[in-house]
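Undergrad: Below is the file upload23.tsv, with TSV, C-alpha atoms.
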```tsv
chain	number	residue	atom	x	y	z
A	1	MET	CA	56.12	30.71	9.50
A	2	GLY	CA	57.09	32.99	6.60
A	3	PHE	CA	54.70	35.15	4.56
A	4	SER	CA	55.03	32.92	1.50
A	5	GLN	CA	54.23	29.79	3.55
A	6	ILE	CA	51.13	31.44	5.06
A	7	THR	CA	49.96	32.50	1.60
A	8	LEU	CA	50.42	28.96	0.26
A	9	LEU	CA	48.50	27.49	3.21
A	10	LEU	CA	45.59	29.88	2.64
A	11	LEU	CA	45.44	28.99	-1.04
A	12	VAL	CA	45.33	25.28	-0.23
A	13	GLN	CA	42.53	25.82	2.30
A	14	LEU	CA	40.53	27.94	-0.15
A	15	SER	CA	40.95	25.27	-2.80
A	16	LEU	CA	39.64	22.62	-0.41
A	17	ILE	CA	36.66	24.82	0.50
A	18	ASN	CA	35.83	25.38	-3.16
A	19	LEU	CA	36.14	21.64	-3.83
A	20	CYS	CA	33.73	20.86	-0.99
A	21	LEU	CA	31.28	23.52	-2.11
A	22	GLY	CA	31.47	22.21	-5.64
A	23	THR	CA	30.74	18.68	-4.46
A	24	ARG	CA	27.71	19.82	-2.48
A	25	LYS	CA	26.45	21.75	-5.47
A	26	LEU	CA	26.80	18.75	-7.75
A	27	ASN	CA	25.05	16.52	-5.23
A	28	SER	CA	22.19	18.98	-4.87
A	29	LEU	CA	21.77	19.15	-8.63
A	30	TYR	CA	21.81	15.38	-9.11
A	31	GLN	CA	18.42	13.80	-9.58
A	32	PRO	CA	18.09	10.02	-9.89
A	33	PRO	CA	16.73	8.98	-13.28
A	34	PRO	CA	12.91	8.70	-13.08
A	35	MET	CA	11.42	5.29	-13.45
A	36	SER	CA	8.15	4.65	-15.18
A	37	LEU	CA	5.48	2.00	-14.79
A	38	THR	CA	4.89	0.75	-18.31
A	39	TYR	CA	1.42	-0.20	-19.52
A	40	HIS	CA	1.66	-3.59	-21.24
A	41	LYS	CA	-1.75	-3.25	-22.97
A	42	GLY	CA	-3.54	-5.90	-20.91
A	43	ASP	CA	-6.97	-5.79	-19.27
A	44	LEU	CA	-7.47	-3.67	-16.15
A	45	LEU	CA	-10.26	-3.86	-13.56
A	46	GLU	CA	-12.34	-0.98	-14.86
A	47	GLY	CA	-15.89	0.25	-14.35
A	48	ASN	CA	-18.04	-1.00	-11.48
A	49	LEU	CA	-15.91	-3.52	-9.60
A	50	PRO	CA	-17.86	-5.93	-7.36
A	51	ILE	CA	-15.76	-7.06	-4.41
A	52	SER	CA	-16.54	-10.21	-2.42
A	53	ILE	CA	-14.94	-10.80	0.99
A	54	LEU	CA	-14.17	-14.17	2.56
A	55	TRP	CA	-13.42	-13.91	6.27
A	56	TYR	CA	-11.42	-17.02	7.05
A	57	GLY	CA	-11.23	-17.61	10.79
A	58	ASP	CA	-12.23	-15.53	13.76
A	59	PHE	CA	-12.84	-11.82	13.10
A	60	THR	CA	-14.87	-9.54	15.36
A	61	PRO	CA	-17.66	-7.34	13.97
A	62	THR	CA	-15.48	-4.29	14.66
A	63	GLN	CA	-12.60	-5.75	12.68
A	64	LYS	CA	-14.89	-6.50	9.76
A	65	SER	CA	-16.26	-2.97	9.78
A	66	ILE	CA	-12.74	-1.48	9.63
A	67	VAL	CA	-12.17	-3.24	6.30
A	68	SER	CA	-15.68	-2.65	4.94
A	69	ASP	CA	-15.53	1.06	5.76
A	70	PHE	CA	-12.18	1.31	3.98
A	71	LEU	CA	-13.66	-0.15	0.80
A	72	LEU	CA	-16.69	2.14	1.03
A	73	SER	CA	-14.37	5.11	1.50
A	74	LEU	CA	-12.80	4.55	-1.93
A	75	ASN	CA	-16.00	5.85	-3.55
A	76	PRO	CA	-15.98	9.67	-3.51
A	77	GLN	CA	-19.78	9.75	-3.36
A	78	ASN	CA	-19.67	7.95	-0.01
A	79	GLN	CA	-17.24	10.55	1.34
A	80	GLN	CA	-19.02	13.70	0.19
A	81	GLN	CA	-20.93	13.90	3.45
A	82	GLN	CA	-17.70	13.65	5.46
A	83	LYS	CA	-16.12	16.78	3.95
A	84	GLN	CA	-12.77	15.94	5.52
A	85	ASN	CA	-9.50	16.00	3.64
A	86	PRO	CA	-7.22	14.32	2.90
A	87	SER	CA	-9.61	11.48	2.21
A	88	VAL	CA	-9.32	7.85	1.20
A	89	SER	CA	-11.04	8.73	-2.08
A	90	ASN	CA	-8.32	11.36	-2.70
A	91	TRP	CA	-5.79	8.54	-2.43
A	92	TRP	CA	-7.78	6.41	-4.90
A	93	ASN	CA	-7.79	9.25	-7.44
A	94	THR	CA	-4.22	8.33	-8.39
A	95	ILE	CA	-5.47	4.93	-9.55
A	96	GLN	CA	-8.01	6.70	-11.75
A	97	ILE	CA	-5.10	8.44	-13.49
A	98	TYR	CA	-3.79	5.02	-14.54
A	99	MET	CA	-7.21	4.08	-15.89
A	100	LYS	CA	-7.54	7.30	-17.88
A	101	LYS	CA	-4.08	6.96	-19.40
A	102	ALA	CA	-4.97	3.46	-20.57
A	103	GLY	CA	-8.25	4.67	-22.07
A	104	LYS	CA	-10.28	2.72	-19.50
A	105	LYS	CA	-13.31	3.59	-17.42
A	106	GLN	CA	-12.87	4.79	-13.85
A	107	THR	CA	-12.87	1.98	-11.30
A	108	ASN	CA	-15.74	2.17	-8.81
A	109	VAL	CA	-15.50	-0.30	-5.94
A	110	VAL	CA	-18.75	-1.97	-4.89
A	111	VAL	CA	-18.92	-4.33	-1.88
A	112	ALA	CA	-20.95	-7.24	-3.30
A	113	ASN	CA	-21.09	-9.95	-0.64
A	114	GLN	CA	-19.32	-11.23	2.45
A	115	VAL	CA	-18.86	-14.85	3.55
A	116	SER	CA	-17.58	-15.96	6.96
A	117	ASP	CA	-15.74	-19.25	7.52
A	118	ASN	CA	-15.48	-19.21	11.30
A	119	ASN	CA	-14.78	-22.95	11.50
A	120	TYR	CA	-11.56	-22.96	9.44
A	121	SER	CA	-13.08	-25.39	6.92
A	122	ILE	CA	-9.73	-26.48	5.42
A	123	GLY	CA	-7.56	-26.03	8.49
A	124	LYS	CA	-5.19	-23.40	9.86
A	125	LYS	CA	-2.24	-24.10	7.55
A	126	LEU	CA	-2.96	-23.07	3.99
A	127	THR	CA	-1.06	-23.25	0.72
A	128	LYS	CA	-1.24	-20.60	-1.98
A	129	SER	CA	-3.35	-22.89	-4.15
A	130	GLN	CA	-5.84	-23.26	-1.31
A	131	ILE	CA	-6.13	-19.47	-1.12
A	132	SER	CA	-7.12	-19.51	-4.80
A	133	GLU	CA	-9.70	-22.22	-4.07
A	134	LEU	CA	-11.16	-20.16	-1.21
A	135	ALA	CA	-11.47	-17.18	-3.54
A	136	GLN	CA	-13.57	-19.26	-5.93
A	137	VAL	CA	-15.80	-20.36	-3.05
A	138	ALA	CA	-16.55	-16.73	-2.19
A	139	ASN	CA	-17.15	-15.73	-5.82
A	140	SER	CA	-17.53	-18.27	-8.61
A	141	LYS	CA	-18.99	-15.77	-11.10
A	142	PRO	CA	-16.94	-14.30	-13.96
A	143	GLY	CA	-15.41	-10.92	-13.29
A	144	GLY	CA	-15.04	-9.14	-10.00
A	145	LEU	CA	-12.47	-9.23	-7.24
A	146	THR	CA	-12.39	-11.45	-4.15
A	147	LEU	CA	-10.60	-10.65	-0.88
A	148	VAL	CA	-9.48	-13.65	1.16
A	149	LEU	CA	-8.65	-12.38	4.64
A	150	THR	CA	-7.19	-14.82	7.14
A	151	ALA	CA	-7.27	-14.50	10.93
A	152	GLN	CA	-4.24	-14.13	13.19
A	153	ASP	CA	-4.01	-17.88	13.94
A	154	VAL	CA	-3.90	-18.96	10.28
A	155	ALA	CA	-0.54	-19.74	8.68
A	156	VAL	CA	-0.28	-19.28	4.92
A	157	GLU	CA	2.50	-20.47	2.63
A	158	GLY	CA	5.13	-17.71	2.38
A	159	PHE	CA	3.48	-15.52	5.04
A	160	CYS	CA	6.08	-13.58	7.06
A	161	MET	CA	8.92	-15.11	5.05
A	162	SER	CA	8.43	-13.66	1.57
A	163	ASN	CA	5.22	-11.62	1.73
A	164	CYS	CA	2.41	-10.11	3.80
A	165	GLY	CA	-0.15	-10.81	1.09
A	166	PHE	CA	-0.41	-11.38	-2.65
A	167	HIS	CA	-2.81	-11.13	-5.56
A	168	GLY	CA	-3.65	-13.61	-8.29
A	169	SER	CA	-6.20	-14.19	-11.02
A	170	ASP	CA	-8.22	-16.59	-13.12
A	171	THR	CA	-7.78	-15.51	-16.73
A	172	LYS	CA	-10.61	-17.76	-17.94
A	173	LEU	CA	-13.15	-16.17	-15.61
A	174	LYS	CA	-11.51	-12.74	-15.92
A	175	SER	CA	-11.58	-12.49	-12.14
A	176	ALA	CA	-8.91	-11.65	-9.58
A	177	PHE	CA	-8.29	-12.19	-5.89
A	178	ILE	CA	-6.23	-10.72	-3.07
A	179	TRP	CA	-5.05	-12.49	0.06
A	180	VAL	CA	-3.94	-10.64	3.21
A	181	GLY	CA	-3.31	-12.16	6.64
A	182	ASN	CA	-3.51	-10.72	10.15
A	183	SER	CA	0.13	-10.69	11.27
A	184	VAL	CA	-0.32	-9.49	14.85
A	185	THR	CA	0.76	-12.79	16.48
A	186	GLN	CA	3.07	-14.06	13.73
A	187	CYS	CA	5.18	-11.23	12.31
A	188	PRO	CA	3.93	-7.72	13.19
A	189	GLY	CA	7.45	-6.35	12.81
A	190	GLN	CA	7.39	-7.30	9.16
A	191	CYS	CA	3.75	-6.94	8.15
A	192	ALA	CA	2.30	-4.39	10.60
A	193	TRP	CA	5.06	-1.75	10.53
A	194	PRO	CA	4.91	1.18	11.33
A	195	PHE	CA	2.46	0.13	14.09
A	196	HIS	CA	5.04	-2.29	15.50
A	197	LYS	CA	8.83	-2.20	15.84
A	198	PRO	CA	10.47	-3.53	12.68
A	199	ILE	CA	12.30	-6.85	12.73
A	200	TYR	CA	15.48	-5.05	11.61
A	201	GLY	CA	16.75	-1.51	11.19
A	202	PRO	CA	16.25	1.44	13.55
A	203	GLN	CA	14.07	0.40	16.50
A	204	THR	CA	12.01	3.57	16.62
A	205	THR	CA	8.83	3.92	18.65
A	206	PRO	CA	5.88	2.38	16.77
A	207	LEU	CA	3.10	4.67	15.59
A	208	GLY	CA	-0.36	4.46	17.12
A	209	ALA	CA	-2.77	2.40	15.01
A	210	PRO	CA	-5.59	4.69	13.78
A	211	ASN	CA	-8.34	2.15	14.53
A	212	GLY	CA	-6.73	0.85	17.70
A	213	ASP	CA	-5.96	-2.57	16.21
A	214	VAL	CA	-2.35	-3.21	15.17
A	215	GLY	CA	-3.27	-6.36	13.24
A	216	LEU	CA	-6.20	-4.89	11.31
A	217	ASP	CA	-4.58	-1.52	10.66
A	218	GLY	CA	-1.58	-3.43	9.32
A	219	MET	CA	-3.92	-5.43	7.11
A	220	ILE	CA	-5.39	-2.20	5.71
A	221	VAL	CA	-1.92	-0.99	4.68
A	222	ASN	CA	-1.22	-4.27	2.87
A	223	LEU	CA	-4.73	-4.50	1.42
A	224	ALA	CA	-4.52	-0.96	0.06
A	225	SER	CA	-1.17	-1.67	-1.58
A	226	LEU	CA	-2.39	-4.90	-3.15
A	227	LEU	CA	-5.69	-3.38	-4.24
A	228	ALA	CA	-3.83	-0.65	-6.13
A	229	GLY	CA	-1.62	-3.27	-7.80
A	230	THR	CA	-4.48	-5.63	-8.62
A	231	VAL	CA	-6.69	-3.03	-10.28
A	232	THR	CA	-3.85	-1.71	-12.45
A	233	ASN	CA	-2.17	-5.10	-13.11
A	234	PRO	CA	-4.73	-7.86	-12.52
A	235	PHE	CA	-3.52	-10.43	-15.05
A	236	GLY	CA	0.21	-9.69	-15.23
A	237	ASN	CA	0.07	-7.54	-18.37
A	238	GLY	CA	-1.11	-4.20	-17.03
A	239	TYR	CA	0.99	-1.49	-15.39
A	240	PHE	CA	4.30	-2.54	-13.85
A	241	ILE	CA	8.05	-2.09	-13.99
A	242	GLY	CA	10.61	-4.89	-13.94
A	243	SER	CA	9.97	-8.52	-14.74
A	244	ALA	CA	6.45	-9.91	-14.98
A	245	GLY	CA	7.42	-12.57	-12.43
A	246	ALA	CA	8.41	-10.02	-9.79
A	247	PRO	CA	6.84	-6.72	-10.85
A	248	LEU	CA	6.87	-3.39	-9.07
A	249	GLU	CA	3.32	-2.06	-9.19
A	250	ALA	CA	1.47	1.15	-8.33
A	251	ALA	CA	2.10	0.87	-4.58
A	252	SER	CA	4.94	-1.65	-4.28
A	253	ALA	CA	7.13	0.78	-6.25
A	254	CYS	CA	7.00	3.07	-3.17
A	255	PRO	CA	7.74	0.80	-0.18
A	256	GLY	CA	7.65	2.27	3.33
A	257	VAL	CA	6.45	5.73	2.23
A	258	TYR	CA	3.32	7.19	3.88
A	259	GLY	CA	4.03	10.92	4.18
A	260	LYS	CA	6.38	13.62	2.97
A	261	GLY	CA	10.01	13.27	4.03
A	262	ALA	CA	9.84	9.49	4.46
A	263	TYR	CA	13.03	7.46	4.47
A	264	PRO	CA	13.88	3.88	5.52
A	265	GLY	CA	12.63	3.44	9.07
A	266	TYR	CA	10.61	6.67	9.04
A	267	ALA	CA	7.07	6.66	7.63
A	268	GLY	CA	7.05	10.41	6.90
A	269	GLU	CA	5.09	13.40	8.19
A	270	LEU	CA	1.62	12.22	9.18
A	271	LEU	CA	-1.51	13.51	10.84
A	272	VAL	CA	-1.89	12.67	14.53
A	273	ASP	CA	-5.16	12.16	16.39
A	274	SER	CA	-5.23	14.69	19.23
A	275	VAL	CA	-7.13	12.28	21.50
A	276	THR	CA	-5.60	8.86	20.85
A	277	GLY	CA	-2.19	9.89	19.53
A	278	ALA	CA	-2.66	7.55	16.56
A	279	SER	CA	-1.08	8.38	13.19
A	280	TYR	CA	-2.98	8.46	9.91
A	281	ASN	CA	-3.06	10.19	6.54
A	282	GLY	CA	-6.61	9.74	5.27
A	283	PHE	CA	-10.18	10.17	6.48
A	284	GLY	CA	-12.78	7.53	5.67
A	285	VAL	CA	-16.52	7.09	6.09
A	286	SER	CA	-18.14	6.77	9.53
A	287	GLY	CA	-15.39	8.86	11.10
A	288	ARG	CA	-12.69	6.32	10.27
A	289	LYS	CA	-9.02	7.21	9.92
A	290	TYR	CA	-6.57	5.16	7.89
A	291	LEU	CA	-2.87	5.01	7.08
A	292	LEU	CA	-2.41	4.44	3.35
A	293	PRO	CA	0.76	3.78	1.36
A	294	ALA	CA	2.18	6.16	-1.21
A	295	LEU	CA	1.28	5.48	-4.83
A	296	PHE	CA	3.49	5.91	-7.87
A	297	ASP	CA	2.05	8.86	-9.79
A	298	PRO	CA	2.21	8.16	-13.55
A	299	ASN	CA	2.04	11.90	-14.30
A	300	THR	CA	5.08	12.87	-12.25
A	301	SER	CA	6.95	9.50	-12.14
A	302	GLN	CA	7.31	9.99	-8.40
A	303	CYS	CA	5.86	8.46	-5.25
A	304	SER	CA	2.85	10.52	-4.23
A	305	THR	CA	1.36	10.81	-0.75
A	306	ILE	CA	-1.88	12.50	0.31
A	307	VAL	CA	-0.24	14.40	3.19
```
Let me see the file written as structure tokens.

TA:
Amino acid sequence: MGFSQITLLLLVQLSLINLCLGTRKLNSLYQPPPMSLTYHKGDLLEGNLPISILWYGDFTPTQKSIVSDFLLSLNPQNQQQQKQNPSVSNWWNTIQIYMKKAGKKQTNVVVANQVSDNNYSIGKKLTKSQISELAQVANSKPGGLTLVLTAQDVAVEGFCMSNCGFHGSDTKLKSAFIWVGNSVTQCPGQCAWPFHKPIYGPQTTPLGAPNGDVGLDGMIVNLASLLAGTVTNPFGNGYFIGSAGAPLEAASACPGVYGKGAYPGYAGELLVDSVTGASYNGFGVSGRKYLLPALFDPNTSQCSTIV
């Protein structure tokens, strides 16, 4: 090969190298346009928020305490004695940012009353309208929030097919409700990930459930997500992005993210219990540990995690 041919070949190679470097540089500089959850000027669940719980079906005392302790952990005063960070109340602080931006009072969760329906009074196959009726049974007073939690042997319309839970409201009574089901025997791959292998995508090893109960720890993840969305968008005219019929809310805008570095199929960098090997990202009252979803931070327009 002649000198001129070698020189030409080197120039071509250098050009290709520069082109590749330029592409990498452009990619590294590119930032997707930030989205923003718009406040639509509606009522939010502000101030002292009484929460009623309806346990529909068979739940053990331990399972009930996992949920109750989570709700108690949202109040920073209940966690002051714990002195462990990151805490569940740290996670809830992001919701208080939404309230402040809207000129509302901080939301303080108060567990008001609990009702158990161990006998499945209206059966084991429920429609969405029946969930609303059950919410009114647990709390017929104006205001407040009701949690309708169904046991693992209860089938609910849309469960496992289109959702793992939902929230609704009664605008006349100015009250709201949340439904979440225990998916452990019906669809843990959809509604209890990352504590169970997903129904599709990379079949990575499931994470250890922080309270040793795949079904209940999965319910906490879904309950936390829906609680964040309900408080900031209880009646469909609060904070959300997209259409009012299918809104992305404070937590649903950040699906599958629990720690830094998360990507589809990977929950992110989490804390690991040295004894049980379970994964978590927040400390609660009574020595509890929980895995909580990322929340969309209205200050940074990014998904924010507490670890």

Undergrad: Name all residues at most 6 Å from A:Trp179 (count all atoms listed in the file; drop same-chain ones fewer than 2 positions away) and give them as a PyMOL selection string.

TA: chain A and resi 147-149+165-166

Undergrad: With all atoms listed in the file as the basis for distance, which of A:Arg288, A:Lys124, A:Lys100, A:Lys260 is at the shortest distance from A:Gly181?

TA: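 That would be A:Lys124, the residue with the smallest distance to A:Gly181.
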
Undergrad: Counting only C-alpha atoms, figure out which residue out of A:Leu207, A:Ile220, A:Ala192, A:Met161 gets nearest to A:Ser68.

TA: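 For A:Ser68, the nearest of the candidates is A:Ile220.
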
Undergrad: List the residues sitting within 8 Å of (6.0, 4.3, -13.0) in the file's frame, using all atoms listed in the file, as a list in words.

TA: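 Using all atoms listed in the file, the matching residues come out as Met35, Ser36, Leu37, Thr38, Phe240, Ile241, Glu249, Ala250, Ala253, Phe296, Asp297, Pro298, Ser301 and Gln302 of chain A.
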
Undergrad: Which residue out of A:Asn78, A:Asn108, A:Ser243, A:Asn182 has the minimum interatomic distance to A:Gly57 when only C-alpha atoms are used?

TA: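 Under the stated criterion, the closest residue is A:Asn182.
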